>>> print(open('coords14.cif').read())   # mmCIF, N, CA and C atoms
data_structure
loop_
_atom_site.label_atom_id
_atom_site.label_comp_id
_atom_site.auth_asym_id
_atom_site.auth_seq_id
_atom_site.Cartn_x
_atom_site.Cartn_y
_atom_site.Cartn_z
N PRO E 1 13.33 -30.68 -22.76
CA PRO E 1 12.40 -31.68 -23.26
C PRO E 1 12.36 -32.91 -22.36
N MET E 2 11.24 -33.59 -22.37
CA MET E 2 11.01 -34.67 -21.41
C MET E 2 11.29 -36.06 -21.97
N GLY E 3 11.84 -36.18 -23.14
CA GLY E 3 12.21 -37.51 -23.61
C GLY E 3 11.37 -38.05 -24.74
N GLY E 4 10.48 -37.26 -25.31
CA GLY E 4 9.77 -37.70 -26.50
C GLY E 4 10.79 -37.83 -27.61
N TYR E 5 10.38 -38.32 -28.74
CA TYR E 5 11.35 -38.47 -29.81
C TYR E 5 10.89 -37.69 -31.03
N PHE E 6 11.84 -37.26 -31.81
CA PHE E 6 11.58 -36.50 -33.02
C PHE E 6 11.53 -37.49 -34.18
N ASN E 7 10.54 -37.35 -35.04
CA ASN E 7 10.46 -38.20 -36.22
C ASN E 7 9.86 -37.41 -37.37
N VAL E 8 9.97 -37.98 -38.54
CA VAL E 8 9.43 -37.31 -39.72
C VAL E 8 8.14 -37.97 -40.19
N GLY E 9 7.42 -38.59 -39.28
CA GLY E 9 6.15 -39.23 -39.62
C GLY E 9 5.13 -38.26 -40.17
N ASP E 10 5.25 -36.98 -39.80
CA ASP E 10 4.30 -35.99 -40.32
C ASP E 10 4.41 -35.83 -41.83
N VAL E 11 5.57 -36.13 -42.39
CA VAL E 11 5.70 -36.11 -43.85
C VAL E 11 4.67 -37.08 -44.45
N MET E 12 4.65 -38.30 -43.95
CA MET E 12 3.73 -39.31 -44.49
C MET E 12 2.27 -38.98 -44.17
N ILE E 13 2.03 -38.41 -43.00
CA ILE E 13 0.66 -38.00 -42.67
C ILE E 13 0.18 -36.98 -43.68
N PHE E 14 1.00 -35.97 -43.96
CA PHE E 14 0.57 -34.93 -44.89
C PHE E 14 0.50 -35.44 -46.33
N VAL E 15 1.40 -36.33 -46.72
CA VAL E 15 1.30 -36.91 -48.06
C VAL E 15 -0.03 -37.65 -48.21
N ALA E 16 -0.37 -38.48 -47.23
CA ALA E 16 -1.63 -39.24 -47.29
C ALA E 16 -2.83 -38.31 -47.23
N ALA E 17 -2.81 -37.35 -46.31
CA ALA E 17 -3.96 -36.47 -46.11
C ALA E 17 -4.19 -35.54 -47.29
N LEU E 18 -3.12 -35.03 -47.89
CA LEU E 18 -3.26 -34.09 -48.99
C LEU E 18 -3.49 -34.79 -50.33
N THR E 19 -3.21 -36.07 -50.39
CA THR E 19 -3.36 -36.82 -51.64
C THR E 19 -4.67 -37.58 -51.70
N PHE E 20 -5.08 -38.15 -50.58
CA PHE E 20 -6.24 -39.03 -50.57
C PHE E 20 -7.40 -38.41 -49.78
N ASN E 21 -8.35 -39.22 -49.37
CA ASN E 21 -9.55 -38.72 -48.70
C ASN E 21 -9.35 -38.61 -47.19
N PRO E 22 -10.29 -37.96 -46.49
CA PRO E 22 -10.14 -37.77 -45.04
C PRO E 22 -10.02 -39.07 -44.25
N LEU E 23 -10.68 -40.13 -44.68
CA LEU E 23 -10.56 -41.40 -43.97
C LEU E 23 -9.12 -41.91 -44.01
N ILE E 24 -8.54 -41.89 -45.19
CA ILE E 24 -7.14 -42.33 -45.33
C ILE E 24 -6.21 -41.40 -44.57
N GLY E 25 -6.45 -40.10 -44.65
CA GLY E 25 -5.63 -39.15 -43.89
C GLY E 25 -5.68 -39.42 -42.40
N GLY E 26 -6.88 -39.65 -41.88
CA GLY E 26 -7.04 -39.91 -40.45
C GLY E 26 -6.44 -41.23 -40.02
N VAL E 27 -6.67 -42.27 -40.80
CA VAL E 27 -6.13 -43.59 -40.46
C VAL E 27 -4.60 -43.58 -40.56
N ALA E 28 -4.07 -42.99 -41.63
CA ALA E 28 -2.62 -42.93 -41.78
C ALA E 28 -1.99 -42.15 -40.62
N GLY E 29 -2.63 -41.06 -40.25
CA GLY E 29 -2.11 -40.27 -39.14
C GLY E 29 -2.19 -40.99 -37.82
N GLY E 30 -3.35 -41.52 -37.51
CA GLY E 30 -3.57 -42.12 -36.20
C GLY E 30 -2.89 -43.46 -36.02
N LEU E 31 -3.15 -44.40 -36.90
CA LEU E 31 -2.62 -45.75 -36.72
C LEU E 31 -1.11 -45.83 -36.91
N GLY E 32 -0.63 -45.24 -37.99
CA GLY E 32 0.81 -45.29 -38.23
C GLY E 32 1.61 -44.69 -37.09
N SER E 33 1.17 -43.55 -36.62
CA SER E 33 1.89 -42.87 -35.54
C SER E 33 1.74 -43.60 -34.21
N ALA E 34 0.56 -44.13 -33.94
CA ALA E 34 0.35 -44.86 -32.68
C ALA E 34 1.21 -46.13 -32.64
N ILE E 35 1.33 -46.81 -33.77
CA ILE E 35 2.18 -48.00 -33.82
C ILE E 35 3.63 -47.62 -33.54
N ALA E 36 4.08 -46.52 -34.11
CA ALA E 36 5.45 -46.06 -33.83
C ALA E 36 5.62 -45.75 -32.35
N ASP E 37 4.60 -45.17 -31.72
CA ASP E 37 4.70 -44.88 -30.29
C ASP E 37 4.67 -46.13 -29.43
N ILE E 38 3.91 -47.13 -29.84
CA ILE E 38 3.90 -48.40 -29.08
C ILE E 38 5.32 -48.95 -29.02
N ILE E 39 6.04 -48.84 -30.11
CA ILE E 39 7.41 -49.34 -30.18
C ILE E 39 8.38 -48.42 -29.44
N GLY E 40 8.24 -47.10 -29.62
CA GLY E 40 9.25 -46.18 -29.12
C GLY E 40 8.92 -45.42 -27.86
N PHE E 41 7.65 -45.13 -27.61
CA PHE E 41 7.28 -44.29 -26.47
C PHE E 41 5.84 -44.60 -26.09
N PRO E 42 5.59 -45.78 -25.51
CA PRO E 42 4.23 -46.30 -25.34
C PRO E 42 3.26 -45.43 -24.55
N VAL E 43 3.75 -44.60 -23.64
CA VAL E 43 2.83 -43.77 -22.86
C VAL E 43 2.02 -42.84 -23.77
N PHE E 44 2.54 -42.58 -24.97
CA PHE E 44 1.87 -41.67 -25.90
C PHE E 44 1.01 -42.38 -26.94
N ALA E 45 0.97 -43.69 -26.96
CA ALA E 45 0.28 -44.41 -28.04
C ALA E 45 -1.19 -44.01 -28.18
N LEU E 46 -1.94 -44.01 -27.10
CA LEU E 46 -3.37 -43.67 -27.19
C LEU E 46 -3.58 -42.19 -27.52
N PRO E 47 -2.90 -41.26 -26.82
CA PRO E 47 -3.05 -39.86 -27.23
C PRO E 47 -2.64 -39.63 -28.68
N THR E 48 -1.59 -40.31 -29.12
CA THR E 48 -1.14 -40.16 -30.50
C THR E 48 -2.19 -40.65 -31.49
N LEU E 49 -2.84 -41.75 -31.19
CA LEU E 49 -3.90 -42.26 -32.06
C LEU E 49 -4.93 -41.17 -32.32
N VAL E 50 -5.32 -40.46 -31.27
CA VAL E 50 -6.34 -39.41 -31.39
C VAL E 50 -5.75 -38.15 -32.03
N ILE E 51 -4.63 -37.67 -31.50
CA ILE E 51 -4.06 -36.40 -31.97
C ILE E 51 -3.63 -36.49 -33.43
N LYS E 52 -2.89 -37.52 -33.78
CA LYS E 52 -2.41 -37.65 -35.16
C LYS E 52 -3.53 -38.07 -36.11
N GLY E 53 -4.51 -38.82 -35.61
CA GLY E 53 -5.67 -39.14 -36.44
C GLY E 53 -6.43 -37.88 -36.81
N LEU E 54 -6.63 -37.00 -35.83
CA LEU E 54 -7.28 -35.71 -36.11
C LEU E 54 -6.43 -34.85 -37.03
N GLU E 55 -5.13 -34.90 -36.86
CA GLU E 55 -4.23 -34.13 -37.72
C GLU E 55 -4.42 -34.53 -39.18
N GLY E 56 -4.39 -35.82 -39.46
CA GLY E 56 -4.59 -36.29 -40.83
C GLY E 56 -5.97 -35.99 -41.37
N LEU E 57 -6.98 -36.17 -40.52
CA LEU E 57 -8.36 -35.89 -40.91
C LEU E 57 -8.54 -34.41 -41.24
N LEU E 58 -8.07 -33.54 -40.35
CA LEU E 58 -8.21 -32.09 -40.57
C LEU E 58 -7.50 -31.65 -41.84
N ALA E 59 -6.27 -32.10 -42.02
CA ALA E 59 -5.52 -31.70 -43.21
C ALA E 59 -6.26 -32.11 -44.48
N SER E 60 -6.81 -33.30 -44.47
CA SER E 60 -7.51 -33.80 -45.65
C SER E 60 -8.82 -33.05 -45.89
N LEU E 61 -9.49 -32.67 -44.82
CA LEU E 61 -10.75 -31.91 -44.96
C LEU E 61 -10.51 -30.49 -45.47
N ILE E 62 -9.38 -29.90 -45.11
CA ILE E 62 -9.11 -28.50 -45.47
C ILE E 62 -8.58 -28.36 -46.89
N THR E 63 -7.73 -29.28 -47.32
CA THR E 63 -7.18 -29.16 -48.67
C THR E 63 -8.28 -29.35 -49.71
N ASN E 64 -8.14 -28.68 -50.85
CA ASN E 64 -9.08 -28.94 -51.94
C ASN E 64 -8.40 -29.64 -53.10
N LYS E 65 -7.14 -30.00 -52.91
CA LYS E 65 -6.34 -30.76 -53.87
C LYS E 65 -6.12 -30.04 -55.20
N LYS E 66 -6.46 -28.76 -55.26
CA LYS E 66 -6.25 -28.00 -56.49
C LYS E 66 -5.46 -26.72 -56.24
N ASN E 67 -5.23 -26.40 -54.98
CA ASN E 67 -4.64 -25.11 -54.65
C ASN E 67 -3.60 -25.31 -53.56
N VAL E 68 -2.35 -25.00 -53.88
CA VAL E 68 -1.27 -25.19 -52.91
C VAL E 68 -1.47 -24.34 -51.66
N TYR E 69 -2.15 -23.21 -51.79
CA TYR E 69 -2.41 -22.38 -50.61
C TYR E 69 -3.31 -23.11 -49.62
N ARG E 70 -4.25 -23.89 -50.13
CA ARG E 70 -5.10 -24.70 -49.24
C ARG E 70 -4.28 -25.81 -48.60
N ASP E 71 -3.28 -26.32 -49.30
CA ASP E 71 -2.38 -27.32 -48.71
C ASP E 71 -1.62 -26.71 -47.54
N VAL E 72 -1.11 -25.52 -47.74
CA VAL E 72 -0.38 -24.83 -46.66
C VAL E 72 -1.31 -24.56 -45.49
N LEU E 73 -2.51 -24.07 -45.77
CA LEU E 73 -3.50 -23.84 -44.71
C LEU E 73 -3.81 -25.14 -43.98
N ALA E 74 -3.94 -26.23 -44.72
CA ALA E 74 -4.23 -27.54 -44.11
C ALA E 74 -3.12 -27.95 -43.16
N VAL E 75 -1.87 -27.77 -43.57
CA VAL E 75 -0.73 -28.13 -42.73
C VAL E 75 -0.69 -27.25 -41.48
N VAL E 76 -0.91 -25.96 -41.65
CA VAL E 76 -0.87 -25.05 -40.50
C VAL E 76 -2.00 -25.37 -39.52
N ALA E 77 -3.20 -25.57 -40.01
CA ALA E 77 -4.34 -25.86 -39.12
C ALA E 77 -4.17 -27.21 -38.43
N ALA E 78 -3.83 -28.24 -39.20
CA ALA E 78 -3.65 -29.57 -38.61
C ALA E 78 -2.45 -29.58 -37.67
N GLY E 79 -1.41 -28.86 -38.04
CA GLY E 79 -0.24 -28.77 -37.18
C GLY E 79 -0.53 -28.06 -35.87
N THR E 80 -1.35 -27.04 -35.94
CA THR E 80 -1.76 -26.34 -34.72
C THR E 80 -2.52 -27.27 -33.80
N GLU E 81 -3.41 -28.07 -34.36
CA GLU E 81 -4.14 -29.06 -33.56
C GLU E 81 -3.17 -30.03 -32.90
N MET E 82 -2.15 -30.48 -33.65
CA MET E 82 -1.18 -31.42 -33.10
C MET E 82 -0.39 -30.81 -31.95
N VAL E 83 0.09 -29.59 -32.14
CA VAL E 83 0.89 -28.94 -31.10
C VAL E 83 0.04 -28.73 -29.84
N ILE E 84 -1.19 -28.28 -30.00
CA ILE E 84 -2.07 -28.07 -28.85
C ILE E 84 -2.41 -29.41 -28.19
N GLY E 85 -2.70 -30.42 -28.98
CA GLY E 85 -3.04 -31.73 -28.43
C GLY E 85 -1.92 -32.31 -27.59
N TYR E 86 -0.70 -32.29 -28.12
CA TYR E 86 0.43 -32.81 -27.34
C TYR E 86 0.75 -31.92 -26.15
N PHE E 87 0.58 -30.62 -26.29
CA PHE E 87 0.80 -29.73 -25.15
C PHE E 87 -0.11 -30.13 -23.99
N LEU E 88 -1.37 -30.39 -24.27
CA LEU E 88 -2.31 -30.76 -23.21
C LEU E 88 -1.94 -32.10 -22.56
N VAL E 89 -1.53 -33.07 -23.37
CA VAL E 89 -1.12 -34.36 -22.82
C VAL E 89 0.15 -34.19 -21.98
N GLU E 90 1.12 -33.45 -22.50
CA GLU E 90 2.38 -33.25 -21.79
C GLU E 90 2.19 -32.40 -20.54
N LEU E 91 1.25 -31.48 -20.58
CA LEU E 91 0.92 -30.69 -19.39
C LEU E 91 0.44 -31.62 -18.28
N TYR E 92 -0.41 -32.55 -18.63
CA TYR E 92 -0.92 -33.53 -17.66
C TYR E 92 0.22 -34.43 -17.14
N LEU E 93 1.08 -34.89 -18.04
CA LEU E 93 2.13 -35.83 -17.66
C LEU E 93 3.29 -35.17 -16.92
N TRP E 94 3.72 -34.00 -17.38
CA TRP E 94 4.97 -33.42 -16.91
C TRP E 94 4.87 -32.03 -16.33
N GLY E 95 3.70 -31.43 -16.39
CA GLY E 95 3.56 -30.06 -15.90
C GLY E 95 3.90 -29.04 -16.97
N LEU E 96 3.74 -27.79 -16.60
CA LEU E 96 3.88 -26.69 -17.56
C LEU E 96 5.27 -26.63 -18.18
N GLY E 97 6.31 -26.74 -17.37
CA GLY E 97 7.67 -26.63 -17.90
C GLY E 97 7.97 -27.70 -18.93
N GLY E 98 7.61 -28.93 -18.63
CA GLY E 98 7.85 -30.02 -19.57
C GLY E 98 7.05 -29.86 -20.85
N ALA E 99 5.80 -29.43 -20.72
CA ALA E 99 4.95 -29.25 -21.89
C ALA E 99 5.47 -28.13 -22.78
N LEU E 100 5.88 -27.03 -22.17
CA LEU E 100 6.42 -25.92 -22.94
C LEU E 100 7.71 -26.31 -23.65
N GLY E 101 8.51 -27.15 -23.00
CA GLY E 101 9.78 -27.58 -23.58
C GLY E 101 9.63 -28.43 -24.83
N GLU E 102 8.49 -29.06 -25.01
CA GLU E 102 8.26 -29.92 -26.17
C GLU E 102 7.70 -29.17 -27.38
N ILE E 103 7.21 -27.95 -27.17
CA ILE E 103 6.59 -27.20 -28.27
C ILE E 103 7.53 -27.00 -29.46
N PRO E 104 8.79 -26.58 -29.26
CA PRO E 104 9.65 -26.37 -30.43
C PRO E 104 9.83 -27.62 -31.30
N ALA E 105 10.01 -28.78 -30.69
CA ALA E 105 10.18 -30.01 -31.48
C ALA E 105 8.90 -30.35 -32.23
N ASN E 106 7.74 -30.12 -31.60
CA ASN E 106 6.47 -30.40 -32.28
C ASN E 106 6.26 -29.45 -33.46
N ILE E 107 6.62 -28.19 -33.28
CA ILE E 107 6.51 -27.23 -34.39
C ILE E 107 7.47 -27.62 -35.51
N ALA E 108 8.68 -28.04 -35.15
CA ALA E 108 9.66 -28.45 -36.16
C ALA E 108 9.15 -29.65 -36.96
N GLN E 109 8.51 -30.61 -36.29
CA GLN E 109 7.96 -31.77 -37.00
C GLN E 109 6.92 -31.34 -38.02
N ILE E 110 6.08 -30.38 -37.65
CA ILE E 110 5.06 -29.89 -38.58
C ILE E 110 5.71 -29.16 -39.75
N ALA E 111 6.68 -28.31 -39.45
CA ALA E 111 7.35 -27.56 -40.51
C ALA E 111 8.02 -28.50 -41.50
N ILE E 112 8.75 -29.48 -40.99
CA ILE E 112 9.42 -30.44 -41.87
C ILE E 112 8.38 -31.28 -42.61
N GLY E 113 7.34 -31.70 -41.91
CA GLY E 113 6.28 -32.47 -42.55
C GLY E 113 5.64 -31.73 -43.70
N GLY E 114 5.37 -30.45 -43.52
CA GLY E 114 4.77 -29.64 -44.58
C GLY E 114 5.73 -29.34 -45.72
N LEU E 115 6.97 -28.98 -45.37
CA LEU E 115 7.95 -28.62 -46.39
C LEU E 115 8.29 -29.79 -47.31
N ILE E 116 8.27 -30.99 -46.77
CA ILE E 116 8.56 -32.17 -47.59
C ILE E 116 7.26 -32.80 -48.12
N GLY E 117 6.24 -32.84 -47.29
CA GLY E 117 5.00 -33.52 -47.66
C GLY E 117 4.20 -32.84 -48.75
N ILE E 118 4.13 -31.51 -48.73
CA ILE E 118 3.35 -30.80 -49.75
C ILE E 118 3.89 -31.05 -51.15
N PRO E 119 5.19 -30.88 -51.40
CA PRO E 119 5.68 -31.15 -52.76
C PRO E 119 5.45 -32.60 -53.22
N ILE E 120 5.61 -33.55 -52.30
CA ILE E 120 5.36 -34.95 -52.66
C ILE E 120 3.88 -35.14 -53.02
N ALA E 121 2.99 -34.56 -52.21
CA ALA E 121 1.56 -34.68 -52.49
C ALA E 121 1.20 -34.04 -53.83
N LEU E 122 1.82 -32.90 -54.14
CA LEU E 122 1.55 -32.24 -55.43
C LEU E 122 1.91 -33.16 -56.60
N VAL E 123 3.06 -33.80 -56.50
CA VAL E 123 3.48 -34.72 -57.56
C VAL E 123 2.55 -35.93 -57.63
N LEU E 124 2.23 -36.51 -56.48
CA LEU E 124 1.34 -37.68 -56.47
C LEU E 124 -0.03 -37.37 -57.04
N ARG E 125 -0.59 -36.21 -56.67
CA ARG E 125 -1.92 -35.86 -57.18
C ARG E 125 -1.91 -35.72 -58.70
N ARG E 126 -0.80 -35.24 -59.23
CA ARG E 126 -0.70 -35.07 -60.67
C ARG E 126 -0.44 -36.40 -61.38
N ARG E 127 0.38 -37.25 -60.78
CA ARG E 127 0.82 -38.48 -61.46
C ARG E 127 0.03 -39.73 -61.10
N LEU E 128 -0.65 -39.74 -59.96
CA LEU E 128 -1.31 -40.96 -59.49
C LEU E 128 -2.35 -41.51 -60.46
N PRO E 129 -3.20 -40.68 -61.08
CA PRO E 129 -4.16 -41.25 -62.04
C PRO E 129 -3.47 -42.00 -63.17
N GLU E 130 -2.38 -41.45 -63.64
CA GLU E 130 -1.62 -42.09 -64.72
C GLU E 130 -0.95 -43.38 -64.23
N ILE E 131 -0.41 -43.36 -63.03
CA ILE E 131 0.24 -44.55 -62.47
C ILE E 131 -0.77 -45.67 -62.25
N LEU E 132 -1.93 -45.33 -61.70
CA LEU E 132 -2.96 -46.33 -61.43
C LEU E 132 -3.58 -46.90 -62.70
N ARG E 133 -3.58 -46.11 -63.75
CA ARG E 133 -4.14 -46.54 -65.02
C ARG E 133 -3.27 -47.61 -65.68
N ASP E 134 -1.97 -47.54 -65.47
CA ASP E 134 -1.04 -48.50 -66.11
C ASP E 134 -1.08 -49.86 -65.51
#
>>> encode(input="coords14.cif", output="structure tokens")
Amino acid sequence: PMGGYFNVGDVMIFVAALTFNPLIGGVAGGLGSAIADIIGFPVFALPTLVIKGLEGLLASLITNKKNVYRDVLAVVAAGTEMVIGYFLVELYLWGLGGALGEIPANIAQIAIGGLIGIPIALVLRRRLPEILRD
């Protein structure tokens, strides 16, 4: 690996994307992640804004908020976009070897994001109307 960092930000991206609308999913994905990159790995801030913004947007567009299978499909599709997006950026920055070396960590981030984010989103979708009403 070329020095990127592993984080669990995808949990929050998927929680936002699967719970709220595509705008919130895209903004949560793009802005939150880009800010983290400005602090931790600035060369990725702009690509992250686009890649993670699309990740949140796609996940939110695919889920129907009533079927956990659509949530899983949303995570897989959005995660695939993220892995491909970062692969292309890393290919440009570091060449094929460096880009290939980052794929496992990117897949792990998606897996962890989905495994933790989907259950949280399921609870929020069920409880949020009641919480907001109080």
>>> closest_residue(input="coords14.cif", among="E:Thr63, E:Thr80, E:Asn106, E:Thr48", to="Gly32 (chain E)", atoms="only C-alpha atoms")
E:Thr48
>>> residues_around(input="coords14.cif", residues="region 111-124 of chain E", least_positions_apart="2", cutoff="5 Å", atoms="all atoms listed in the file", output="VMD selection string")
chain E and resid 10 to 11 15 107 to 109 126 to 128
>>> closest_residue(input="coords14.cif", among="E:Ala36, E:Val89, E:Met12, E:Leu18", to="Val68 (chain E)", atoms="only C-alpha atoms")
E:Leu18
>>> atom_distance(input="coords14.cif", atom1="CA of Leu46 (chain E)", atom2="CA of Gly30 (chain E)")
9.1 Å
>>> resolve_selection(input="coords14.cif", expression="the PyMOL selection byres ((chain E and resi 56) around 8)", output="list in words")
Ile13, Phe14, Ala16, Ala17, Leu18, Asn21, Pro22, Leu23, Ile24, Gly25, Gly26, Val27, Ala28, Gly29, Gly30, Val50, Ile51, Lys52, Gly53, Leu54, Glu55, Leu57, Leu58, Ala59, Ser60, Leu61, Ile62, Ala78 and Gly79 of chain E
>>> atom_distance(input="coords14.cif", atom1="atom C of Ala105 (chain E)", atom2="CA of Leu49 (chain E)")
17.5 Å
>>> axis_aligned_box(input="coords14.cif", around="region 83-101 of chain E", padding_each_side="4 Å", output="AutoDock Vina command-line options")
--center_x 3.4 --center_y -30.9 --center_z -24.0 --size_x 20.8 --size_y 17.9 --size_z 24.2
>>> select_by_dssp(input="coords14.cif", residues="region 32-77 of chain E", states="alpha helix (DSSP H)", output="PyMOL selection string")
chain E and resi 32-40+45-62+68-77
>>> closest_residue(input="coords14.cif", among="E:Phe41, E:Tyr69, E:Tyr86, E:Phe20", to="Glu102 (chain E)", atoms="all atoms listed in the file")
E:Tyr86
>>> atom_distance(input="coords14.cif", atom1="CA of Glu90 (chain E)", atom2="atom C of Ile39 (chain E)")
18.0 Å
